[in-house]
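So this block is input-v2.tsv, TSV, C-alpha atoms:
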chain	number	residue	atom	x	y	z
Q	1	MET	CA	108.75	97.09	96.62
Q	2	LYS	CA	105.59	95.31	95.43
Q	3	GLN	CA	107.62	92.39	94.13
Q	4	ASP	CA	109.48	92.14	97.47
Q	5	ALA	CA	106.26	92.32	99.48
Q	6	VAL	CA	104.63	89.59	97.39
Q	7	ARG	CA	107.72	87.38	97.66
Q	8	PHE	CA	107.84	87.87	101.45
Q	9	TYR	CA	104.16	86.98	101.66
Q	10	ASP	CA	104.82	83.87	99.54
Q	11	TYR	CA	107.49	83.00	102.10
Q	12	HIS	CA	104.91	83.47	104.88
Q	13	LEU	CA	102.59	80.96	103.21
Q	14	TRP	CA	105.46	78.55	102.53
Q	15	ALA	CA	106.71	78.75	106.12
Q	16	ASN	CA	103.22	78.20	107.52
Q	17	GLU	CA	102.89	75.13	105.31
Q	18	ARG	CA	106.21	73.81	106.64
Q	19	VAL	CA	104.82	74.11	110.17
Q	20	PHE	CA	101.63	72.28	109.23
Q	21	GLN	CA	103.67	69.53	107.54
Q	22	ARG	CA	105.65	69.11	110.75
Q	23	LEU	CA	102.51	69.06	112.89
Q	24	ARG	CA	101.18	66.15	110.81
Q	25	GLU	CA	104.26	64.16	111.85
Q	26	VAL	CA	103.79	64.49	115.62
Q	27	PRO	CA	101.08	63.03	117.88
Q	28	GLN	CA	98.03	65.26	117.44
Q	29	GLU	CA	97.44	65.57	121.18
Q	30	LEU	CA	100.63	67.65	121.38
Q	31	CYS	CA	98.82	70.50	119.64
Q	32	GLU	CA	96.44	70.75	122.61
Q	33	GLN	CA	98.94	70.06	125.39
Q	34	GLU	CA	99.35	73.12	127.61
Q	35	ILE	CA	102.87	74.34	128.19
Q	36	PRO	CA	104.33	77.60	129.49
Q	37	SER	CA	104.83	79.74	126.41
Q	38	VAL	CA	103.51	82.85	124.69
Q	39	PHE	CA	100.22	80.98	124.14
Q	40	PRO	CA	99.17	77.93	126.15
Q	41	THR	CA	98.99	75.51	123.20
Q	42	ILE	CA	100.21	75.16	119.64
Q	43	THR	CA	96.62	75.34	118.42
Q	44	LYS	CA	96.01	78.61	120.29
Q	45	THR	CA	99.16	80.01	118.70
Q	46	LEU	CA	97.92	79.05	115.22
Q	47	GLN	CA	94.50	80.57	115.95
Q	48	HIS	CA	96.17	83.83	117.00
Q	49	MET	CA	98.28	83.89	113.84
Q	50	LEU	CA	95.24	83.35	111.63
Q	51	ARG	CA	93.21	86.02	113.42
Q	52	THR	CA	96.08	88.48	113.06
Q	53	ASP	CA	96.41	87.81	109.33
Q	54	HIS	CA	92.70	88.65	109.07
Q	55	VAL	CA	93.17	91.82	111.14
Q	56	TRP	CA	95.82	93.19	108.81
Q	57	LEU	CA	94.07	92.28	105.58
Q	58	LEU	CA	90.93	94.00	106.83
Q	59	ALA	CA	92.97	97.03	107.91
Q	60	MET	CA	94.69	97.24	104.51
Q	61	LYS	CA	91.26	97.08	102.88
Q	62	GLY	CA	90.26	100.16	104.88
Q	63	GLU	CA	88.01	98.63	107.54
Q	64	SER	CA	87.71	100.73	110.67
Q	65	TYR	CA	89.31	99.63	113.91
Q	66	GLU	CA	85.84	98.99	115.34
Q	67	ASN	CA	84.69	96.86	112.39
Q	68	VAL	CA	87.91	94.86	112.42
Q	69	GLY	CA	87.30	94.11	116.10
Q	70	LYS	CA	83.77	92.90	115.41
Q	71	ILE	CA	84.74	90.76	112.41
Q	72	VAL	CA	87.74	89.21	114.15
Q	73	GLY	CA	85.68	88.66	117.31
Q	74	ALA	CA	83.24	86.58	115.29
Q	75	LEU	CA	86.15	84.77	113.64
Q	76	SER	CA	87.57	83.93	117.09
Q	77	GLN	CA	84.36	82.13	117.96
Q	78	GLN	CA	84.45	80.22	114.67
Q	79	LEU	CA	88.04	79.11	115.31
Q	80	GLU	CA	87.33	77.68	118.76
Q	81	GLY	CA	87.76	73.93	118.72
Q	82	LYS	CA	89.42	73.89	115.30
Q	83	GLY	CA	92.53	71.74	114.98
Q	84	PRO	CA	95.63	72.25	112.87
Q	85	GLU	CA	94.19	70.86	109.62
Q	86	GLU	CA	91.11	73.08	109.81
Q	87	LEU	CA	93.32	76.05	110.65
Q	88	ARG	CA	95.55	75.20	107.70
Q	89	GLU	CA	92.49	75.54	105.46
Q	90	GLY	CA	91.86	78.96	107.03
Q	91	PHE	CA	95.41	80.04	106.24
Q	92	MET	CA	94.99	78.88	102.65
Q	93	GLU	CA	91.76	80.87	102.32
Q	94	ILE	CA	93.19	84.07	103.78
Q	95	GLY	CA	96.27	83.57	101.59
Q	96	GLU	CA	94.08	83.67	98.49
Q	97	LYS	CA	92.39	86.83	99.77
Q	98	PHE	CA	95.78	88.48	100.32
Q	99	LYS	CA	96.88	87.54	96.80
Q	100	ASP	CA	93.66	88.95	95.32
Q	101	PHE	CA	94.28	92.16	97.26
Q	102	PHE	CA	97.88	92.32	96.01
Q	103	ALA	CA	96.74	91.93	92.40
Q	104	GLN	CA	94.43	94.94	92.74
Q	105	THR	CA	96.61	97.21	94.86
Q	106	ASP	CA	99.68	99.38	94.47
Q	107	LEU	CA	101.59	98.02	97.45
Q	108	ASP	CA	103.89	101.04	97.42
Q	109	ALA	CA	100.94	103.36	98.07
Q	110	LYS	CA	100.37	104.59	101.61
Q	111	ALA	CA	97.18	103.98	103.54
Q	112	PRO	CA	95.99	105.31	106.90
Q	113	TYR	CA	95.80	103.04	109.94
Q	114	THR	CA	93.98	104.43	112.96
Q	115	HIS	CA	94.19	103.09	116.50
Q	116	PRO	CA	92.08	104.70	119.23
Q	117	ALA	CA	94.99	105.07	121.67
Q	118	MET	CA	97.90	105.59	119.27
Q	119	GLY	CA	96.41	107.83	116.60
Q	120	THR	CA	96.76	107.52	112.84
Q	121	ILE	CA	99.78	106.61	110.76
Q	122	HIS	CA	100.19	106.50	106.99
Q	123	VAL	CA	102.23	103.48	105.91
Q	124	PRO	CA	102.83	101.76	102.57
Q	125	TYR	CA	100.91	98.53	102.16
Q	126	SER	CA	104.24	96.79	101.57
Q	127	GLU	CA	105.34	97.62	105.13
Q	128	ILE	CA	102.15	96.14	106.56
Q	129	VAL	CA	102.79	92.99	104.52
Q	130	GLN	CA	106.28	92.88	106.05
Q	131	HIS	CA	104.69	93.23	109.48
Q	132	VAL	CA	102.37	90.29	108.77
Q	133	VAL	CA	105.35	88.17	107.71
Q	134	ASN	CA	107.41	89.22	110.76
Q	135	HIS	CA	104.50	88.44	113.07
Q	136	GLY	CA	104.14	85.00	111.53
Q	137	THR	CA	107.88	84.36	111.80
Q	138	TYR	CA	107.81	85.21	115.50
Q	139	HIS	CA	104.99	82.79	116.22
Q	140	ARG	CA	106.34	80.02	114.00
Q	141	GLY	CA	109.42	80.28	116.20
Q	142	ASN	CA	107.17	79.96	119.26
Q	143	ILE	CA	105.67	76.79	117.79
Q	144	SER	CA	109.11	75.33	117.11
Q	145	ALA	CA	110.13	76.09	120.70
Q	146	MET	CA	106.90	74.51	121.99
Q	147	LEU	CA	107.54	71.38	119.96
Q	148	ARG	CA	111.06	71.16	121.38
Q	149	GLN	CA	109.69	71.56	124.91
Q	150	LEU	CA	107.40	68.62	124.13
Q	151	GLY	CA	110.32	66.50	122.93
Q	152	HIS	CA	109.98	66.94	119.16
Q	153	ALA	CA	111.91	68.86	116.53
Q	154	GLY	CA	110.39	72.02	115.15
Q	155	ALA	CA	109.82	72.83	111.50
Q	156	SER	CA	112.66	74.29	109.46
Q	157	HIS	CA	111.22	77.48	108.01
Q	158	ASP	CA	114.08	79.96	107.67
Q	159	TYR	CA	113.75	82.43	104.81
Q	160	ILE	CA	117.01	81.23	103.23
Q	161	TYR	CA	115.53	77.73	102.79
Q	162	PHE	CA	112.59	79.30	100.99
Q	163	LEU	CA	114.95	81.17	98.66
Q	164	PHE	CA	116.95	78.04	97.86
Q	165	GLU	CA	113.79	76.02	97.28
Q	166	GLN	CA	112.37	78.71	94.98
Q	167	ASN	CA	115.54	78.71	92.88
Q	168	LEU	CA	115.70	74.94	92.39
Show this structure as structure tokens.
Amino acid sequence: MKQDAVRFYDYHLWANERVFQRLREVPQELCEQEIPSVFPTITKTLQHMLRTDHVWLLAMKGESYENVGKIVGALSQQLEGKGPEELREGFMEIGEKFKDFFAQTDLDAKAPYTHPAMGTIHVPYSEIVQHVVNHGTYHRGNISAMLRQLGHAGASHDYIYFLFEQNL
């Protein structure tokens, strides 16, 4: 499973990069234009995605729910006003941290995750990695839909394209 989890995470990074490539091709003001969607702007969606990647890396590293909240709260303040290129840098940085974690961790091992209202579960790291990837896929889809609402094509980031590109 470790190999699968790492490959899926590589896909996550690849797909995020495809979105950032697409965002470079559209007028930058579109990233701040408010539209009815899951988040009000493309930038806010990217900020949410980046914060969530941080949440799950911290959780996998064993940080308590309370500490994760404090750390990510501070990160939220740092991300305010950041545009797509600055957020891209943040994704690259957290990507390196994930890869360092993967290199030092048995991703098939289970770890506890405690939530104050839902209790504690014990889940393999590989399943949390899959959750991170699924979460990113959902919001990359939101961004593609937002771009279409604004009159522009979204980024092509289906997993199958990643597989074909990796095999070329």
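Take CA of Gln47 (chain Q) and CA of Ser76 (chain Q): the distance between them is 7.8 Å.
Among the candidates Q:Phe162, Q:Phe91, Q:Trp56, Q:Phe98, the one nearest to Val6 (chain Q) when counting only C-alpha atoms is Q:Phe98.
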Spatial sel., origin (97.2, 77.3, 107.4), limit 10 Å, all atoms listed in the file, listed as an NGL selection string
:Q and (13-20 or 46-47 or 49-50 or 84-95)
For the residues in that selection, give me C-alpha atoms as a PDB file, keeping the file's coordinate frame.
ATOM      1  CA  LEU Q  13     102.590  80.960 103.210  1.00  0.00           C
ATOM      2  CA  TRP Q  14     105.460  78.550 102.530  1.00  0.00           C
ATOM      3  CA  ALA Q  15     106.710  78.750 106.120  1.00  0.00           C
ATOM      4  CA  ASN Q  16     103.220  78.200 107.520  1.00  0.00           C
ATOM      5  CA  GLU Q  17     102.890  75.130 105.310  1.00  0.00           C
ATOM      6  CA  ARG Q  18     106.210  73.810 106.640  1.00  0.00           C
ATOM      7  CA  VAL Q  19     104.820  74.110 110.170  1.00  0.00           C
ATOM      8  CA  PHE Q  20     101.630  72.280 109.230  1.00  0.00           C
ATOM      9  CA  LEU Q  46      97.920  79.050 115.220  1.00  0.00           C
ATOM     10  CA  GLN Q  47      94.500  80.570 115.950  1.00  0.00           C
ATOM     11  CA  MET Q  49      98.280  83.890 113.840  1.00  0.00           C
ATOM     12  CA  LEU Q  50      95.240  83.350 111.630  1.00  0.00           C
ATOM     13  CA  PRO Q  84      95.630  72.250 112.870  1.00  0.00           C
ATOM     14  CA  GLU Q  85      94.190  70.860 109.620  1.00  0.00           C
ATOM     15  CA  GLU Q  86      91.110  73.080 109.810  1.00  0.00           C
ATOM     16  CA  LEU Q  87      93.320  76.050 110.650  1.00  0.00           C
ATOM     17  CA  ARG Q  88      95.550  75.200 107.700  1.00  0.00           C
ATOM     18  CA  GLU Q  89      92.490  75.540 105.460  1.00  0.00           C
ATOM     19  CA  GLY Q  90      91.860  78.960 107.030  1.00  0.00           C
ATOM     20  CA  PHE Q  91      95.410  80.040 106.240  1.00  0.00           C
ATOM     21  CA  MET Q  92      94.990  78.880 102.650  1.00  0.00           C
ATOM     22  CA  GLU Q  93      91.760  80.870 102.320  1.00  0.00           C
ATOM     23  CA  ILE Q  94      93.190  84.070 103.780  1.00  0.00           C
ATOM     24  CA  GLY Q  95      96.270  83.570 101.590  1.00  0.00           C
TER      25      GLY Q  95
END
Could you pull the residues within 7 Å of region 130-141 of chain Q, counting only C-alpha atoms, minus those fewer than 4 positions along the same chain, as a PyMOL selection string?
chain Q and resi 5+8-9+12+45+49+53+126+145
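For the residues Q:Phe39, Q:His48, Q:Phe164, Q:Lys97, ranking by smallest atom-to-atom distance to Leu75 (chain Q) using only C-alpha atoms places Q:His48 first.
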